[in-house]
file target.cif (mmCIF, C-alpha atoms)
data_run
#
loop_
_atom_site.label_atom_id
_atom_site.label_comp_id
_atom_site.auth_asym_id
_atom_site.auth_seq_id
_atom_site.Cartn_x
_atom_site.Cartn_y
_atom_site.Cartn_z
CA MET Q 97 93.85 -135.16 -65.14
CA SER Q 98 96.04 -137.87 -63.63
CA GLU Q 99 97.55 -137.28 -60.20
CA ASP Q 100 101.10 -137.32 -61.61
CA GLN Q 101 100.37 -134.95 -64.49
CA VAL Q 102 102.59 -131.89 -64.28
CA ARG Q 103 100.88 -128.55 -63.82
CA VAL Q 104 101.69 -125.00 -64.83
CA SER Q 105 100.00 -121.84 -63.61
CA PHE Q 106 100.10 -118.37 -65.10
CA ARG Q 107 100.17 -114.87 -63.65
CA THR Q 108 99.68 -112.22 -66.32
CA LEU Q 109 100.21 -108.53 -65.60
CA GLY Q 110 99.63 -105.51 -67.78
CA CYS Q 111 98.09 -105.14 -71.21
CA LYS Q 112 95.79 -107.27 -73.34
CA VAL Q 113 98.71 -108.25 -75.57
CA ASN Q 114 100.37 -109.87 -72.56
CA ARG Q 115 97.16 -111.81 -71.94
CA VAL Q 116 97.11 -113.09 -75.52
CA GLU Q 117 100.76 -114.08 -75.30
CA SER Q 118 100.14 -115.98 -72.05
CA GLU Q 119 97.24 -117.81 -73.67
CA ASP Q 120 99.44 -118.75 -76.63
CA ILE Q 121 102.10 -120.14 -74.29
CA ALA Q 122 99.42 -122.03 -72.36
CA ALA Q 123 98.01 -123.50 -75.58
CA ASP Q 124 101.51 -124.66 -76.57
CA LEU Q 125 101.95 -126.38 -73.20
CA LEU Q 126 98.53 -128.03 -73.43
CA GLY Q 127 99.65 -129.50 -76.72
CA ARG Q 128 102.65 -131.00 -74.91
CA GLY Q 129 100.39 -132.73 -72.37
CA VAL Q 130 100.84 -130.23 -69.56
CA ALA Q 131 97.86 -129.36 -67.37
CA LEU Q 132 97.01 -125.79 -66.45
CA SER Q 133 96.28 -124.82 -62.88
CA ALA Q 134 95.07 -121.72 -61.08
CA ASP Q 135 96.52 -122.96 -57.80
CA ASP Q 136 99.75 -122.01 -56.05
CA ASP Q 137 100.91 -125.63 -55.91
CA ALA Q 138 101.84 -125.85 -59.61
CA ASP Q 139 105.18 -127.30 -60.67
CA VAL Q 140 106.01 -124.20 -62.68
CA VAL Q 141 104.62 -120.67 -62.42
CA VAL Q 142 104.92 -118.49 -65.52
CA ILE Q 143 104.78 -114.75 -64.81
CA ASN Q 144 104.25 -112.42 -67.77
CA THR Q 145 105.35 -108.98 -66.61
CA CYS Q 146 104.65 -105.35 -67.44
CA THR Q 147 107.06 -102.44 -67.06
CA VAL Q 148 104.98 -99.46 -68.18
CA THR Q 149 105.45 -97.66 -64.83
CA ALA Q 150 107.57 -97.97 -61.69
CA GLU Q 151 104.44 -99.30 -59.96
CA ALA Q 152 104.17 -102.02 -62.60
CA ASP Q 153 107.77 -103.06 -61.86
CA ALA Q 154 107.03 -103.24 -58.15
CA LYS Q 155 103.92 -105.34 -58.76
CA ALA Q 156 105.89 -107.74 -60.95
CA ARG Q 157 108.56 -108.23 -58.27
CA LYS Q 158 105.86 -108.79 -55.63
CA THR Q 159 104.21 -111.41 -57.85
CA VAL Q 160 107.52 -113.25 -58.27
CA ARG Q 161 108.15 -113.27 -54.51
CA HIS Q 162 104.64 -114.59 -53.87
CA ALA Q 163 105.18 -117.42 -56.36
CA LEU Q 164 108.52 -118.32 -54.81
CA ALA Q 165 106.84 -118.62 -51.41
CA ALA Q 166 104.32 -121.22 -52.63
CA PRO Q 167 104.46 -124.54 -50.69
CA GLY Q 168 105.44 -126.61 -53.70
CA ARG Q 169 108.58 -124.52 -54.31
CA PRO Q 170 107.87 -124.17 -58.05
CA VAL Q 171 110.24 -123.01 -60.72
CA VAL Q 172 109.24 -119.43 -61.54
CA VAL Q 173 109.68 -118.51 -65.21
CA VAL Q 174 109.51 -114.77 -65.75
CA THR Q 175 108.92 -113.25 -69.18
CA GLY Q 176 107.42 -110.05 -70.55
CA CYS Q 177 108.55 -106.45 -70.76
CA LEU Q 178 110.30 -106.21 -67.38
CA ALA Q 179 112.20 -109.40 -68.21
CA ALA Q 180 113.45 -107.67 -71.36
CA VAL Q 181 114.39 -104.38 -69.67
CA ASP Q 182 115.85 -105.55 -66.34
CA PRO Q 183 116.47 -109.33 -66.28
CA MET Q 184 119.23 -109.15 -63.65
CA ALA Q 185 116.93 -107.55 -61.06
CA LEU Q 186 114.46 -110.39 -61.53
CA GLU Q 187 117.09 -113.13 -61.37
CA ALA Q 188 118.31 -111.65 -58.09
CA LEU Q 189 114.93 -112.39 -56.48
CA GLY Q 190 115.70 -116.10 -56.02
CA GLU Q 191 117.58 -119.14 -57.24
CA ARG Q 192 114.38 -120.70 -58.62
CA VAL Q 193 113.72 -117.69 -60.87
CA VAL Q 194 114.39 -118.24 -64.57
CA VAL Q 195 114.16 -115.17 -66.79
CA GLU Q 196 113.23 -115.69 -70.45
CA PRO Q 197 112.59 -112.42 -72.32
CA ASP Q 198 111.71 -114.25 -75.55
CA LYS Q 199 108.08 -115.34 -75.14
CA GLU Q 200 108.36 -117.73 -78.08
CA ARG Q 201 110.90 -119.76 -76.11
CA VAL Q 202 108.95 -119.89 -72.83
CA ALA Q 203 106.95 -123.05 -73.58
CA GLY Q 204 110.11 -124.90 -74.58
CA ARG Q 205 111.95 -123.76 -71.45
CA VAL Q 206 109.04 -124.87 -69.26
CA ALA Q 207 108.97 -128.23 -71.02
CA GLU Q 208 112.67 -128.69 -70.21
CA PHE Q 209 112.09 -128.02 -66.51
CA LEU Q 210 109.30 -130.61 -66.52
CA GLY Q 211 111.43 -133.27 -68.17
CA ILE Q 212 109.60 -133.04 -71.51
CA ASP Q 213 111.68 -133.02 -74.68
CA PRO Q 214 111.15 -129.48 -75.99
CA ASN Q 215 111.84 -130.65 -79.54
CA ALA Q 216 109.40 -133.57 -79.46
CA PRO Q 217 106.41 -133.31 -81.82
CA HIS Q 218 103.29 -132.06 -80.08
CA SER Q 219 99.74 -131.25 -81.03
CA HIS Q 220 98.58 -127.76 -81.92
CA VAL Q 221 95.93 -126.47 -79.57
CA VAL Q 222 93.73 -123.58 -80.64
CA ARG Q 223 93.09 -121.30 -77.68
CA ALA Q 224 89.35 -121.09 -78.32
CA GLY Q 225 89.10 -124.87 -78.55
CA GLU Q 226 90.17 -125.09 -74.95
CA GLY Q 227 87.43 -122.74 -73.78
CA PHE Q 228 89.55 -119.62 -73.51
CA ARG Q 229 86.92 -117.25 -74.91
CA THR Q 230 83.96 -116.77 -77.19
CA ARG Q 231 85.65 -113.52 -78.17
CA ALA Q 232 89.24 -114.35 -79.09
CA MET Q 233 92.10 -111.89 -79.36
CA LEU Q 234 94.47 -112.54 -82.24
CA LYS Q 235 97.91 -110.95 -81.81
CA VAL Q 236 99.16 -109.83 -85.22
CA GLU Q 237 101.80 -107.24 -84.31
CA ASP Q 238 104.48 -106.59 -81.70
CA GLY Q 239 106.74 -103.65 -80.95
CA CYS Q 240 106.58 -99.91 -81.46
CA ASP Q 241 108.83 -97.19 -82.90
CA VAL Q 242 106.94 -94.07 -81.84
CA PHE Q 243 108.92 -93.40 -78.63
CA CYS Q 244 106.36 -91.31 -76.74
CA SER Q 245 108.27 -89.45 -74.06
CA TYR Q 246 106.49 -91.28 -71.19
CA CYS Q 247 106.76 -94.82 -72.58
CA ILE Q 248 109.41 -97.53 -72.17
CA VAL Q 249 107.68 -100.09 -74.41
CA PRO Q 250 109.82 -99.53 -77.56
CA HIS Q 251 112.89 -100.34 -75.46
CA ALA Q 252 111.22 -103.41 -73.96
CA ARG Q 253 109.67 -104.85 -77.12
CA GLY Q 254 111.73 -103.38 -79.96
CA GLY Q 255 110.45 -102.05 -83.26
CA PRO Q 256 107.22 -103.06 -85.04
CA ARG Q 257 106.99 -106.62 -86.33
CA GLY Q 258 103.95 -108.09 -88.05
CA VAL Q 259 102.82 -111.72 -88.02
CA PRO Q 260 102.91 -113.02 -91.62
CA LEU Q 261 99.51 -112.34 -93.14
CA ALA Q 262 99.03 -115.97 -94.22
CA ALA Q 263 99.75 -117.19 -90.66
CA ALA Q 264 97.37 -114.65 -89.11
CA VAL Q 265 94.58 -115.60 -91.52
CA SER Q 266 95.19 -119.31 -90.89
CA GLU Q 267 94.88 -118.77 -87.12
CA ALA Q 268 91.72 -116.73 -87.65
CA ARG Q 269 90.19 -119.58 -89.71
CA ALA Q 270 91.07 -122.06 -86.97
CA LEU Q 271 89.38 -119.85 -84.38
CA VAL Q 272 86.24 -119.62 -86.52
CA GLU Q 273 86.22 -123.40 -86.98
CA HIS Q 274 86.34 -123.79 -83.19
CA GLY Q 275 83.26 -121.65 -82.76
CA VAL Q 276 84.68 -118.19 -82.07
CA LYS Q 277 82.14 -115.55 -83.06
CA GLU Q 278 84.32 -112.47 -82.63
CA ILE Q 279 88.00 -111.93 -83.32
CA VAL Q 280 89.86 -108.93 -81.94
CA LEU Q 281 93.00 -108.00 -83.87
CA THR Q 282 95.53 -106.78 -81.34
CA GLY Q 283 99.13 -105.62 -81.11
CA ILE Q 284 101.36 -103.22 -79.23
CA ASN Q 285 100.89 -100.67 -82.03
CA LEU Q 286 98.34 -102.32 -84.31
CA GLY Q 287 98.42 -99.63 -86.97
CA ARG Q 288 102.09 -100.39 -87.59
CA TYR Q 289 101.22 -103.87 -88.89
CA ARG Q 290 103.22 -104.77 -91.98
CA ASP Q 291 104.00 -107.96 -93.87
CA GLY Q 292 105.90 -106.93 -96.96
CA SER Q 293 103.50 -104.79 -98.99
CA ASP Q 294 100.52 -105.84 -96.85
CA ASP Q 295 99.35 -103.47 -94.13
CA LEU Q 296 96.55 -103.44 -91.56
CA ALA Q 297 93.94 -102.74 -94.24
CA SER Q 298 95.09 -105.84 -96.14
CA LEU Q 299 94.89 -107.91 -92.96
CA VAL Q 300 91.41 -106.66 -92.03
CA SER Q 301 90.14 -107.51 -95.49
CA ALA Q 302 91.67 -111.00 -95.43
CA VAL Q 303 90.47 -111.88 -91.92
CA GLY Q 304 87.03 -110.52 -92.78
CA GLU Q 305 86.80 -113.14 -95.53
CA THR Q 306 87.32 -116.09 -93.14
CA GLY Q 307 83.64 -116.16 -92.23
CA VAL Q 308 84.10 -114.70 -88.74
CA PRO Q 309 80.78 -113.10 -87.78
CA ARG Q 310 82.36 -110.17 -85.93
CA LEU Q 311 85.77 -108.52 -86.27
CA ARG Q 312 87.12 -105.82 -83.98
CA LEU Q 313 90.30 -103.75 -83.67
CA SER Q 314 91.77 -103.50 -80.17
CA SER Q 315 93.18 -99.99 -80.53
CA ILE Q 316 94.44 -97.74 -83.31
CA GLU Q 317 96.74 -94.73 -82.98
CA PRO Q 318 95.40 -91.53 -84.57
CA PRO Q 319 98.05 -91.20 -87.35
CA ASP Q 320 97.27 -94.77 -88.48
CA LEU Q 321 93.57 -94.06 -89.02
CA THR Q 322 94.15 -93.49 -92.72
CA GLU Q 323 91.62 -92.97 -95.50
CA GLN Q 324 92.59 -96.36 -96.99
CA LEU Q 325 92.04 -98.13 -93.68
CA LEU Q 326 88.66 -96.45 -93.18
CA GLU Q 327 87.58 -97.49 -96.68
CA THR Q 328 88.54 -101.09 -95.91
CA LEU Q 329 86.77 -101.06 -92.55
CA ALA Q 330 83.61 -99.72 -94.19
CA ALA Q 331 83.77 -102.46 -96.84
CA THR Q 332 84.15 -105.27 -94.26
CA PRO Q 333 80.68 -106.47 -93.11
CA ALA Q 334 82.08 -108.27 -90.06
CA LEU Q 335 83.72 -105.10 -88.74
CA CYS Q 336 82.23 -103.98 -85.43
CA ARG Q 337 81.30 -100.30 -85.27
CA HIS Q 338 83.68 -99.42 -82.45
CA LEU Q 339 87.18 -97.95 -82.48
CA HIS Q 340 89.47 -97.19 -79.54
CA VAL Q 341 91.60 -94.18 -80.55
CA PRO Q 342 93.92 -92.90 -77.78
CA LEU Q 343 93.86 -89.12 -77.35
CA GLN Q 344 96.08 -88.70 -74.24
CA SER Q 345 95.64 -84.90 -74.15
CA GLY Q 346 93.49 -82.16 -75.64
CA SER Q 347 96.34 -79.63 -75.46
CA ASP Q 348 98.72 -79.18 -78.37
CA SER Q 349 101.57 -78.17 -76.06
CA VAL Q 350 101.15 -81.31 -73.95
CA LEU Q 351 100.81 -83.53 -77.03
CA SER Q 352 104.09 -82.08 -78.32
CA ALA Q 353 105.84 -82.75 -75.00
CA MET Q 354 104.45 -86.29 -75.10
CA ARG Q 355 105.81 -86.73 -78.68
CA ARG Q 356 102.40 -87.87 -79.86
CA ASN Q 357 102.86 -86.84 -83.54
CA TYR Q 358 99.45 -85.21 -84.08
CA THR Q 359 97.64 -82.03 -83.11
CA VAL Q 360 94.21 -81.53 -81.55
CA ASP Q 361 92.79 -80.36 -84.88
CA GLU Q 362 94.21 -83.42 -86.65
CA TYR Q 363 92.72 -85.74 -84.03
CA ARG Q 364 89.35 -84.02 -84.29
CA ALA Q 365 89.39 -84.38 -88.09
CA LEU Q 366 90.39 -88.05 -87.96
CA VAL Q 367 87.54 -88.97 -85.61
CA SER Q 368 85.10 -87.01 -87.74
CA ALA Q 369 86.27 -88.85 -90.86
CA ALA Q 370 85.91 -92.19 -89.07
CA LYS Q 371 82.34 -91.41 -88.03
CA ASP Q 372 81.48 -90.36 -91.58
CA ALA Q 373 82.95 -93.56 -93.02
CA LEU Q 374 81.37 -95.84 -90.40
CA PRO Q 375 77.82 -94.72 -89.53
CA GLY Q 376 76.87 -95.64 -85.97
CA LEU Q 377 80.53 -95.75 -84.89
CA SER Q 378 81.29 -95.47 -81.18
CA VAL Q 379 84.70 -94.10 -80.25
CA THR Q 380 86.42 -94.71 -76.92
CA THR Q 381 89.73 -93.26 -75.84
CA ASP Q 382 92.59 -93.06 -73.33
CA VAL Q 383 93.38 -89.75 -71.65
CA MET Q 384 96.38 -89.04 -69.42
CA VAL Q 385 96.21 -86.27 -66.82
CA GLY Q 386 99.02 -84.66 -64.85
CA PHE Q 387 101.72 -85.04 -67.50
CA PRO Q 388 104.80 -82.94 -66.64
CA GLY Q 389 104.17 -79.32 -67.57
CA GLU Q 390 100.40 -79.68 -67.88
CA THR Q 391 98.60 -76.55 -66.66
CA GLU Q 392 95.05 -76.12 -65.41
CA GLU Q 393 94.26 -74.56 -68.79
CA ASP Q 394 95.66 -77.63 -70.58
CA ALA Q 395 93.54 -79.89 -68.39
CA GLU Q 396 90.41 -77.87 -69.14
CA GLN Q 397 91.17 -77.99 -72.89
CA THR Q 398 91.33 -81.77 -72.60
CA ARG Q 399 88.05 -81.97 -70.72
CA ALA Q 400 86.31 -79.65 -73.20
CA LEU Q 401 87.58 -81.61 -76.20
CA CYS Q 402 86.32 -84.90 -74.77
CA GLU Q 403 82.91 -83.33 -74.26
CA GLU Q 404 82.93 -81.89 -77.79
CA ILE Q 405 83.84 -85.18 -79.47
CA GLY Q 406 81.35 -87.11 -77.36
CA PHE Q 407 83.37 -90.24 -76.64
CA ALA Q 408 81.42 -93.36 -75.74
CA LYS Q 409 83.84 -94.00 -72.88
CA LEU Q 410 86.93 -92.42 -71.34
CA HIS Q 411 89.78 -94.36 -69.79
CA VAL Q 412 91.38 -91.75 -67.52
CA PHE Q 413 94.92 -92.33 -66.23
CA ARG Q 414 97.09 -90.22 -63.98
CA TYR Q 415 100.62 -89.85 -65.32
CA SER Q 416 103.04 -92.12 -63.48
CA VAL Q 417 106.80 -91.76 -63.70
CA ARG Q 418 108.60 -94.47 -65.64
CA PRO Q 419 112.39 -94.28 -65.00
CA GLY Q 420 114.37 -94.39 -68.22
CA THR Q 421 111.96 -92.22 -70.19
CA PRO Q 422 112.44 -88.52 -71.09
CA ALA Q 423 109.29 -87.54 -69.17
CA ALA Q 424 110.78 -88.88 -65.95
CA GLU Q 425 113.40 -86.12 -66.10
CA MET Q 426 110.80 -83.34 -66.52
CA ALA Q 427 109.37 -81.23 -63.69
CA GLN Q 428 106.54 -83.24 -62.15
CA ILE Q 429 103.00 -82.13 -61.30
CA ASP Q 430 101.79 -82.03 -57.69
CA PRO Q 431 99.93 -85.30 -56.96
CA ARG Q 432 96.97 -83.38 -55.54
CA ALA Q 433 96.57 -81.49 -58.82
CA LYS Q 434 96.70 -84.79 -60.71
CA ALA Q 435 94.00 -86.28 -58.51
CA SER Q 436 91.75 -83.23 -58.86
CA ARG Q 437 92.08 -83.13 -62.66
CA ALA Q 438 91.48 -86.86 -62.96
CA ALA Q 439 88.34 -86.60 -60.83
CA ARG Q 440 86.90 -83.80 -62.99
CA LEU Q 441 87.66 -85.68 -66.19
CA ARG Q 442 86.14 -88.88 -64.85
CA GLN Q 443 82.96 -86.95 -64.06
CA THR Q 444 82.86 -85.82 -67.68
CA GLY Q 445 83.49 -89.40 -68.77
CA ASP Q 446 80.64 -90.68 -66.60
CA SER Q 447 78.29 -88.10 -68.11
CA LEU Q 448 79.34 -88.98 -71.67
CA ARG Q 449 78.92 -92.68 -70.95
CA ALA Q 450 75.43 -92.11 -69.56
CA GLN Q 451 74.45 -90.14 -72.67
CA PHE Q 452 75.84 -92.86 -74.92
CA LEU Q 453 73.93 -95.61 -73.13
CA GLN Q 454 70.73 -93.58 -72.97
CA GLY Q 455 70.91 -93.18 -76.74
CA HIS Q 456 70.55 -96.96 -77.07
CA ALA Q 457 67.57 -97.42 -74.74
CA GLY Q 458 64.56 -98.78 -76.59
CA ALA Q 459 66.58 -99.80 -79.65
CA SER Q 460 67.37 -103.31 -80.84
CA ALA Q 461 70.92 -104.56 -81.27
CA GLU Q 462 72.86 -107.68 -82.09
CA VAL Q 463 74.45 -109.11 -78.94
CA LEU Q 464 77.09 -111.81 -78.62
CA LEU Q 465 76.43 -113.83 -75.45
CA GLU Q 466 79.85 -114.26 -73.84
CA ARG Q 467 79.14 -115.71 -70.41
CA GLU Q 468 76.34 -116.98 -68.20
CA ARG Q 469 76.06 -115.84 -64.60
CA PRO Q 470 73.84 -117.65 -62.15
CA PRO Q 471 71.01 -117.40 -61.67
CA ASP Q 472 69.95 -117.37 -65.34
CA VAL Q 473 71.67 -114.21 -66.56
CA PHE Q 474 73.68 -113.82 -69.75
CA GLU Q 475 76.24 -111.08 -70.36
CA GLY Q 476 77.35 -109.98 -73.78
CA THR Q 477 78.22 -107.02 -75.98
CA THR Q 478 76.76 -105.20 -78.96
CA ARG Q 479 78.78 -104.45 -82.07
CA ASP Q 480 79.44 -100.91 -80.83
CA TYR Q 481 80.64 -102.31 -77.50
CA VAL Q 482 77.73 -101.80 -75.16
CA LYS Q 483 77.67 -104.33 -72.34
CA VAL Q 484 74.27 -106.02 -72.09
CA ARG Q 485 72.76 -108.11 -69.29
CA LEU Q 486 70.09 -110.45 -70.62
CA GLN Q 487 67.75 -112.16 -68.17
CA ARG Q 488 66.88 -115.76 -69.02
CA LEU Q 489 63.12 -115.97 -68.57
CA HIS Q 490 61.19 -119.11 -67.70
CA PRO Q 491 60.53 -121.24 -70.82
CA ALA Q 492 56.83 -121.05 -70.08
CA LEU Q 493 57.02 -117.33 -70.81
CA ALA Q 494 59.33 -117.54 -73.80
CA GLU Q 495 60.20 -120.83 -75.48
CA ASP Q 496 62.75 -119.07 -77.67
CA ASP Q 497 64.77 -118.38 -74.53
CA ALA Q 498 65.09 -122.03 -73.51
CA GLU Q 499 67.88 -122.89 -75.94
CA LEU Q 500 70.07 -119.83 -75.42
CA GLY Q 501 73.73 -120.51 -74.80
CA VAL Q 502 77.12 -118.84 -74.57
CA GLY Q 503 78.38 -118.10 -78.05
CA ASP Q 504 74.95 -117.33 -79.50
CA VAL Q 505 74.46 -114.11 -81.42
CA VAL Q 506 70.95 -112.82 -80.79
CA GLU Q 507 68.85 -109.75 -81.52
CA VAL Q 508 68.06 -108.02 -78.23
CA MET Q 509 65.90 -105.09 -77.19
CA LEU Q 510 67.89 -102.66 -75.04
CA GLY Q 511 66.41 -101.14 -71.89
CA GLU Q 512 67.46 -99.37 -68.72
CA PRO Q 513 71.09 -98.85 -67.61
CA TYR Q 514 72.74 -101.25 -65.19
CA GLY Q 515 76.27 -100.58 -64.05
CA ASP Q 516 78.34 -99.76 -67.13
CA GLY Q 517 75.84 -101.32 -69.54
CA LEU Q 518 72.19 -101.87 -70.32
CA GLU Q 519 69.50 -104.37 -69.47
CA GLY Q 520 68.25 -106.38 -72.43
CA TRP Q 521 65.51 -108.80 -73.34
CA LEU Q 522 64.51 -110.98 -76.26
CA PRO Q 523 61.65 -109.42 -78.21
CA ALA Q 524 59.68 -112.66 -77.95
CA ALA Q 525 60.13 -112.68 -74.20
CA ARG Q 526 58.78 -109.15 -73.80
CA ASN Q 527 55.78 -110.00 -75.98
CA ALA Q 528 55.04 -113.06 -73.81
CA GLU Q 529 54.83 -111.11 -70.57
#
call {"tool": "encode", "arguments": {"input": "target.cif", "output": "structure tokens"}}
result
Amino acid sequence: MSEDQVRVSFRTLGCKVNRVESEDIAADLLGRGVALSADDDADVVVINTCTVTAEADAKARKTVRHALAAPGRPVVVVTGCLAAVDPMALEALGERVVVEPDKERVAGRVAEFLGIDPNAPHSHVVRAGEGFRTRAMLKVEDGCDVFCSYCIVPHARGGPRGVPLAAAVSEARALVEHGVKEIVLTGINLGRYRDGSDDLASLVSAVGETGVPRLRLSSIEPPDLTEQLLETLAATPALCRHLHVPLQSGSDSVLSAMRRNYTVDEYRALVSAAKDALPGLSVTTDVMVGFPGETEEDAEQTRALCEEIGFAKLHVFRYSVRPGTPAAEMAQIDPRAKASRAARLRQTGDSLRAQFLQGHAGASAEVLLERERPPDVFEGTTRDYVKVRLQRLHPALAEDDAELGVGDVVEVMLGEPYGDGLEGWLPAARNAE
């Protein structure tokens, strides 16, 4: 990079979709000859915000103030959900703050600030080709129309909009050509994907035919886990045997207050149907505790349901007020009760996770090596989303190990737990010991 090359840094808050969108903006800027920087002395700082809770808003404002205080006095371009919901509050933070709610316009706006013609032809950079990830997330949908009573996202992002199927498949092919071994289809409400008569099942089938070795869904809402989708997933060899299906509560009264559009029995039946259609499927979930009106009995029903279903992992969240949502106007739960219920549920989650991992010990599994950590350790994941730590042994013990590299897909024997995953070794390496 030349000394006079302009530099842009990114600060991304919130969900995985925000991360994908930041990477897309960064790829666009790379194609315009802009360098990326992790430092505070960039010419422009792009901040992609979240507004899911009041705490998220506060964190976004703090991030903007920190960027404004950088020595180089950069222009701070703010986008994301908070930029869509409350642009005036962000603009009031400083004269160098530029708010652009439309993420598709951010790269062009940044180019203008840097003296680059935003309409000039520029090269297309594939995110994976610039070393972003061995596993690449492909955003195919934006927006939501469910209007859960605790969520501001439909107001921030609007209704569901799908990327044209042909464009999504073309991007998937480009990722495969650049060496990506796993594509994760992602969106704000992925199950709402539509492009004319094509739905998520159509997209999964089409992307599965690009030659990608592994295909994964980021998350799927329970009502969208249809029989047709399950049939398509089962018929797609690249599909990884893991689904993230948010539960939020195991109480019908709480689900109704949340406006979640399904009952406990319906959720239970959907997960059962998914496991029947996809043998070896692991299911992870999100659970919210302390929602307004939740009783101790409701909390226990949630805990018992999680234990009954046997989730591979629980993501436990305490309800946090988001002004502007119906739930914010409801009678709130004592914070101490929230903390106690969350702690009990996390204990159940830890137990379920331990059982899930123990069920893999001694088995073999396909692992995608995603990163290498010194000294001589690879980290990767199985198809059903078990994290694996693979020790690189000395070539004298196992010649097959000498050529391992990030991006390889290898058969691994799974052993004892470590952290949130399992130790692994190459069968040849174990035989050589």
call {"tool": "residues_near_point", "arguments": {"input": "target.cif", "point": "(85.8, -104.0, -98.1)", "cutoff": "10 Å", "atoms": "only C-alpha atoms", "output": "PyMOL selection string"}}
result
chain Q and resi 297-298+300-302+304-305+325-335
call {"tool": "closest_atom_pairs", "arguments": {"input": "target.cif", "of": "range 276-383 of chain Q", "to": "range 415-435 of chain Q", "cutoff": "12 Å", "atoms": "only C-alpha atoms", "output": "tab-separated table"}}
result
residue	atom	partner	partner_atom	distance
Q:Gln344	CA	Q:Tyr415	CA	10.1
Q:Ser345	CA	Q:Tyr415	CA	11.3
Q:Val350	CA	Q:Ala423	CA	11.3
Q:Ser352	CA	Q:Ala423	CA	11.9
Q:Ala353	CA	Q:Ala423	CA	8.3
Q:Met354	CA	Q:Ala423	CA	7.8
Q:Arg355	CA	Q:Ala423	CA	10.2
Q:Asp382	CA	Q:Tyr415	CA	11.8
Q:Val383	CA	Q:Tyr415	CA	9.6
call {"tool": "closest_residue", "arguments": {"input": "target.cif", "among": "Q:Gly275, Q:Leu351, Q:Ala152, Q:Ser315", "to": "Ser245 in chain Q", "atoms": "all atoms listed in the file"}}
result
Q:Leu351
call {"tool": "residues_around", "arguments": {"input": "target.cif", "residues": "Trp521 in chain Q", "least_positions_apart": "6", "cutoff": "8 Å", "atoms": "only C-alpha atoms", "output": "PyMOL selection string"}}
result
chain Q and resi 486-487+508-511
call {"tool": "closest_residue", "arguments": {"input": "target.cif", "among": "Q:Val181, Q:Ile279, Q:Ala232, Q:Val249", "to": "Val116 in chain Q", "atoms": "only C-alpha atoms"}}
result
Q:Ala232
call {"tool": "resolve_selection", "arguments": {"input": "target.cif", "expression": "the PyMOL selection byres ((chain Q and resi 140) around 9)", "output": "PDB file with C-alpha atoms, keeping the file's coordinate frame"}}
result
ATOM      1  CA  VAL Q 102     102.590-131.890 -64.280  1.00  0.00           C
ATOM      2  CA  ARG Q 103     100.880-128.550 -63.820  1.00  0.00           C
ATOM      3  CA  VAL Q 104     101.690-125.000 -64.830  1.00  0.00           C
ATOM      4  CA  SER Q 105     100.000-121.840 -63.610  1.00  0.00           C
ATOM      5  CA  PHE Q 106     100.100-118.370 -65.100  1.00  0.00           C
ATOM      6  CA  ASP Q 137     100.910-125.630 -55.910  1.00  0.00           C
ATOM      7  CA  ALA Q 138     101.840-125.850 -59.610  1.00  0.00           C
ATOM      8  CA  ASP Q 139     105.180-127.300 -60.670  1.00  0.00           C
ATOM      9  CA  VAL Q 141     104.620-120.670 -62.420  1.00  0.00           C
ATOM     10  CA  VAL Q 142     104.920-118.490 -65.520  1.00  0.00           C
ATOM     11  CA  ARG Q 169     108.580-124.520 -54.310  1.00  0.00           C
ATOM     12  CA  PRO Q 170     107.870-124.170 -58.050  1.00  0.00           C
ATOM     13  CA  VAL Q 171     110.240-123.010 -60.720  1.00  0.00           C
ATOM     14  CA  VAL Q 172     109.240-119.430 -61.540  1.00  0.00           C
ATOM     15  CA  VAL Q 173     109.680-118.510 -65.210  1.00  0.00           C
ATOM     16  CA  VAL Q 206     109.040-124.870 -69.260  1.00  0.00           C
ATOM     17  CA  PHE Q 209     112.090-128.020 -66.510  1.00  0.00           C
ATOM     18  CA  LEU Q 210     109.300-130.610 -66.520  1.00  0.00           C
TER      19      LEU Q 210
END
call {"tool": "residues_around", "arguments": {"input": "target.cif", "residues": "Arg356 in chain Q", "least_positions_apart": "5", "cutoff": "12 Å", "atoms": "all atoms listed in the file", "output": "VMD selection string"}}
result
chain Q and resid 241 to 247 317 to 319 342 to 351 362 to 363
call {"tool": "resolve_selection", "arguments": {"input": "target.cif", "expression": "the PyMOL selection byres ((chain Q and resi 379) around 10)", "output": "ChimeraX atom specification"}}
result
/Q:337-342,367,370-371,376-378,380-381,405-410,480-481
call {"tool": "closest_residue", "arguments": {"input": "target.cif", "among": "Q:Thr477, Q:Glu323, Q:Pro183, Q:Glu519", "to": "Asp372 in chain Q", "atoms": "all atoms listed in the file"}}
result
Q:Glu323
call {"tool": "residues_near_point", "arguments": {"input": "target.cif", "point": "(96.8, -104.8, -73.9)", "cutoff": "9 Å", "atoms": "all atoms listed in the file", "output": "PyMOL selection string"}}
result
chain Q and resi 110-116+282-284+314-315
call {"tool": "atom_distance", "arguments": {"input": "target.cif", "atom1": "CA of Val276 in chain Q", "atom2": "CA of Arg310 in chain Q"}}
result
9.2 Å
call {"tool": "resolve_selection", "arguments": {"input": "target.cif", "expression": "the PyMOL selection byres ((chain Q and resi 178) around 6)", "output": "compact mmCIF listing (two decimals) with C-alpha atoms, keeping the file's coordinate frame"}}
result
# COMPACT_ATOMS: atom_id res chain seq x y z
CA THR Q 145 105.35 -108.98 -66.61
CA CYS Q 146 104.65 -105.35 -67.44
CA THR Q 147 107.06 -102.44 -67.06
CA GLY Q 176 107.42 -110.05 -70.55
CA CYS Q 177 108.55 -106.45 -70.76
CA ALA Q 179 112.20 -109.40 -68.21
CA ALA Q 180 113.45 -107.67 -71.36
CA VAL Q 181 114.39 -104.38 -69.67
CA ASP Q 182 115.85 -105.55 -66.34
